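To keep things clear, I will list the structure first and then write my remarks on it.
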Amino acid sequence: AGTRPLGPSGAARSGGRARGAMKFLGATPLEGLNNFFQSLDVGDYRVEGELEAYSCKLAGLDKKLSKSLEQEVAMSPPDTLELSRSPVGPLTEANSRRTLLYLILTLNHTYPDYDFSTLRPHNFSKEQSLRGVKDNVDTLLLEASRLWQEENAEKDVTFSQYTWSTIDNVIELDACDVYSYNPEFESDPFGEGGNIWSFNYFFYNKKLKRILYFALSAKARSMDDDSDYDTNSPFEEPNTDAYDDPFDMDM
């Protein structure tokens, strides 16, 4: 019998199947940020996305996916680079395979119309520093931060401070490994046309057995205008009303 490398990989339309048992953590401080990012209009483009937290404590890992990965590891040559060294760690170790499964299941739960079950380690990157992640997010959200400051002039914090303090309350950032997904195909939610920029980060706290997923994209308003013209539908202005902060944050 021959051997084969890990793969192939990529996201595909799934028809909205439910997979796995990652437990979604609702009613968290993230609600305030999610309300703000609900189709945020910043002029030439709009920002939309989500922050979602999942508990891995009682996660019933997708048995079919887990078995498939185990088989691929067993059939691959021992010196295969992806086995010995990958963004999630050596796949010969159970903890590394578990990390990969958690990342895949997070995407499957966040985007139920797609199936990410064939993704493999090369589809992800491990971020080298939390500071670099923060700087990238803060830079991309510079225009959005100005709107937030206008809506929350009474707060004695910056948008960056509010964002990262909120996230830290949920996931304890300093104890996290941070990963990102590298889209390769048009058949996933990150391949839509009109995107000016996008990012997605997984903050994985092994001690808490929890993942926080933070993904946003900026889509050109011209795409909305073209869609409105083509469908002859009345133009609807996005909702830019200020949101009510679900909790008070004393700094």
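Residues in the structure tokens are named by chain (A, B, ... in the order shown) and by number from 1 within that chain; ligands are numbered from 1 in the order shown.
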I need the residues in region 41-225 of chain A that are strand (DSSP E) according to DSSP; give them as a ChimeraX atom specification.
/A:41,45-55,114-115,124-126,177-181,195-205,210-220
I need the residues of region 78-237 of chain A that end up classed as alpha helix (DSSP H) by DSSP on the backbone, written out as a PDB file with C-alpha atoms, in the first residue's frame.
```pdb
ATOM      1  CA  LEU A  81       7.184  17.840   7.393  1.00  0.00           C
ATOM      2  CA  GLU A  82       3.569  18.552   8.324  1.00  0.00           C
ATOM      3  CA  LEU A  83       3.608  15.746  10.852  1.00  0.00           C
ATOM      4  CA  SER A  84       6.713  16.933  12.641  1.00  0.00           C
ATOM      5  CA  ALA A  94      -2.795  14.369  20.379  1.00  0.00           C
ATOM      6  CA  ASN A  95      -2.869  17.943  21.720  1.00  0.00           C
ATOM      7  CA  SER A  96      -1.845  19.326  18.332  1.00  0.00           C
ATOM      8  CA  ARG A  97      -4.516  17.332  16.504  1.00  0.00           C
ATOM      9  CA  ARG A  98      -7.062  18.506  19.079  1.00  0.00           C
ATOM     10  CA  THR A  99      -6.090  22.140  18.453  1.00  0.00           C
ATOM     11  CA  LEU A 100      -6.574  21.671  14.712  1.00  0.00           C
ATOM     12  CA  LEU A 101      -9.987  20.112  15.291  1.00  0.00           C
ATOM     13  CA  TYR A 102     -11.057  23.001  17.520  1.00  0.00           C
ATOM     14  CA  LEU A 103     -10.094  25.530  14.836  1.00  0.00           C
ATOM     15  CA  ILE A 104     -12.017  23.615  12.173  1.00  0.00           C
ATOM     16  CA  LEU A 105     -15.085  23.146  14.372  1.00  0.00           C
ATOM     17  CA  THR A 106     -15.074  26.852  15.239  1.00  0.00           C
ATOM     18  CA  LEU A 107     -15.283  27.731  11.537  1.00  0.00           C
ATOM     19  CA  ASN A 108     -17.974  25.108  10.955  1.00  0.00           C
ATOM     20  CA  HIS A 109     -20.111  26.544  13.743  1.00  0.00           C
ATOM     21  CA  THR A 110     -19.542  30.170  12.768  1.00  0.00           C
ATOM     22  CA  LEU A 130      -0.212  39.353  20.400  1.00  0.00           C
ATOM     23  CA  ARG A 131       1.120  42.878  19.935  1.00  0.00           C
ATOM     24  CA  GLY A 132       1.276  42.360  16.172  1.00  0.00           C
ATOM     25  CA  VAL A 133      -2.330  41.135  16.106  1.00  0.00           C
ATOM     26  CA  LYS A 134      -3.520  44.126  18.111  1.00  0.00           C
ATOM     27  CA  ASP A 135      -1.627  46.568  15.910  1.00  0.00           C
ATOM     28  CA  ASN A 136      -3.115  45.062  12.736  1.00  0.00           C
ATOM     29  CA  VAL A 137      -6.681  45.170  14.074  1.00  0.00           C
ATOM     30  CA  ASP A 138      -6.304  48.702  15.456  1.00  0.00           C
ATOM     31  CA  THR A 139      -4.915  49.967  12.147  1.00  0.00           C
ATOM     32  CA  LEU A 140      -7.700  48.441  10.052  1.00  0.00           C
ATOM     33  CA  LEU A 142      -9.050  53.310  12.603  1.00  0.00           C
ATOM     34  CA  GLU A 143     -12.080  54.775  10.793  1.00  0.00           C
ATOM     35  CA  ALA A 144     -14.478  52.645  12.826  1.00  0.00           C
ATOM     36  CA  SER A 145     -12.814  53.787  16.046  1.00  0.00           C
ATOM     37  CA  ARG A 146     -13.643  57.412  15.251  1.00  0.00           C
ATOM     38  CA  LEU A 147     -17.323  56.544  14.927  1.00  0.00           C
ATOM     39  CA  TRP A 148     -17.215  54.634  18.199  1.00  0.00           C
ATOM     40  CA  GLN A 149     -15.636  57.607  19.982  1.00  0.00           C
ATOM     41  CA  GLU A 150     -18.395  59.897  18.659  1.00  0.00           C
ATOM     42  CA  GLU A 151     -21.093  57.525  19.918  1.00  0.00           C
ATOM     43  CA  PHE A 159     -11.935  52.224  21.210  1.00  0.00           C
ATOM     44  CA  SER A 160      -8.776  50.105  21.219  1.00  0.00           C
ATOM     45  CA  GLN A 161      -8.755  49.940  25.009  1.00  0.00           C
ATOM     46  CA  TYR A 162     -12.440  49.048  25.102  1.00  0.00           C
ATOM     47  CA  THR A 163     -12.088  46.353  22.431  1.00  0.00           C
ATOM     48  CA  TRP A 164      -9.092  44.564  23.910  1.00  0.00           C
ATOM     49  CA  SER A 165     -10.276  44.899  27.495  1.00  0.00           C
ATOM     50  CA  THR A 166     -13.608  43.346  26.505  1.00  0.00           C
ATOM     51  CA  ILE A 167     -11.897  40.477  24.695  1.00  0.00           C
ATOM     52  CA  ASP A 168      -9.465  39.969  27.565  1.00  0.00           C
ATOM     53  CA  ASN A 169     -12.373  39.654  30.020  1.00  0.00           C
ATOM     54  CA  VAL A 170     -13.646  36.696  28.009  1.00  0.00           C
ATOM     55  CA  ILE A 171     -10.468  34.853  26.988  1.00  0.00           C
ATOM     56  CA  ARG A 221     -20.182  50.439  -0.682  1.00  0.00           C
ATOM     57  CA  SER A 222     -20.097  50.413  -4.480  1.00  0.00           C
ATOM     58  CA  MET A 223     -20.916  46.694  -4.320  1.00  0.00           C
ATOM     59  CA  ASP A 224     -24.107  47.492  -2.404  1.00  0.00           C
ATOM     60  CA  ASP A 225     -25.006  50.249  -4.850  1.00  0.00           C
ATOM     61  CA  ASP A 226     -24.551  47.915  -7.827  1.00  0.00           C
ATOM     62  CA  SER A 227     -26.692  45.278  -6.159  1.00  0.00           C
ATOM     63  CA  ASP A 228     -29.454  47.778  -5.470  1.00  0.00           C
ATOM     64  CA  TYR A 229     -29.395  48.972  -9.070  1.00  0.00           C
ATOM     65  CA  ASP A 230     -29.456  45.456 -10.512  1.00  0.00           C
ATOM     66  CA  THR A 231     -32.365  44.267  -8.394  1.00  0.00           C
TER      67      THR A 231
END
```
Please identify all polymer residues within 6 Å of region 38-51 of chain A, counting only C-alpha atoms, omitting same-chain residues fewer than 6 positions from it, and present them as a ChimeraX atom specification.
/A:213-221
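Proximity of A:Ile196, A:Leu141, A:Leu25, A:Val157 to Lys57 (chain A), computed with only C-alpha atoms, is greatest for A:Leu25.
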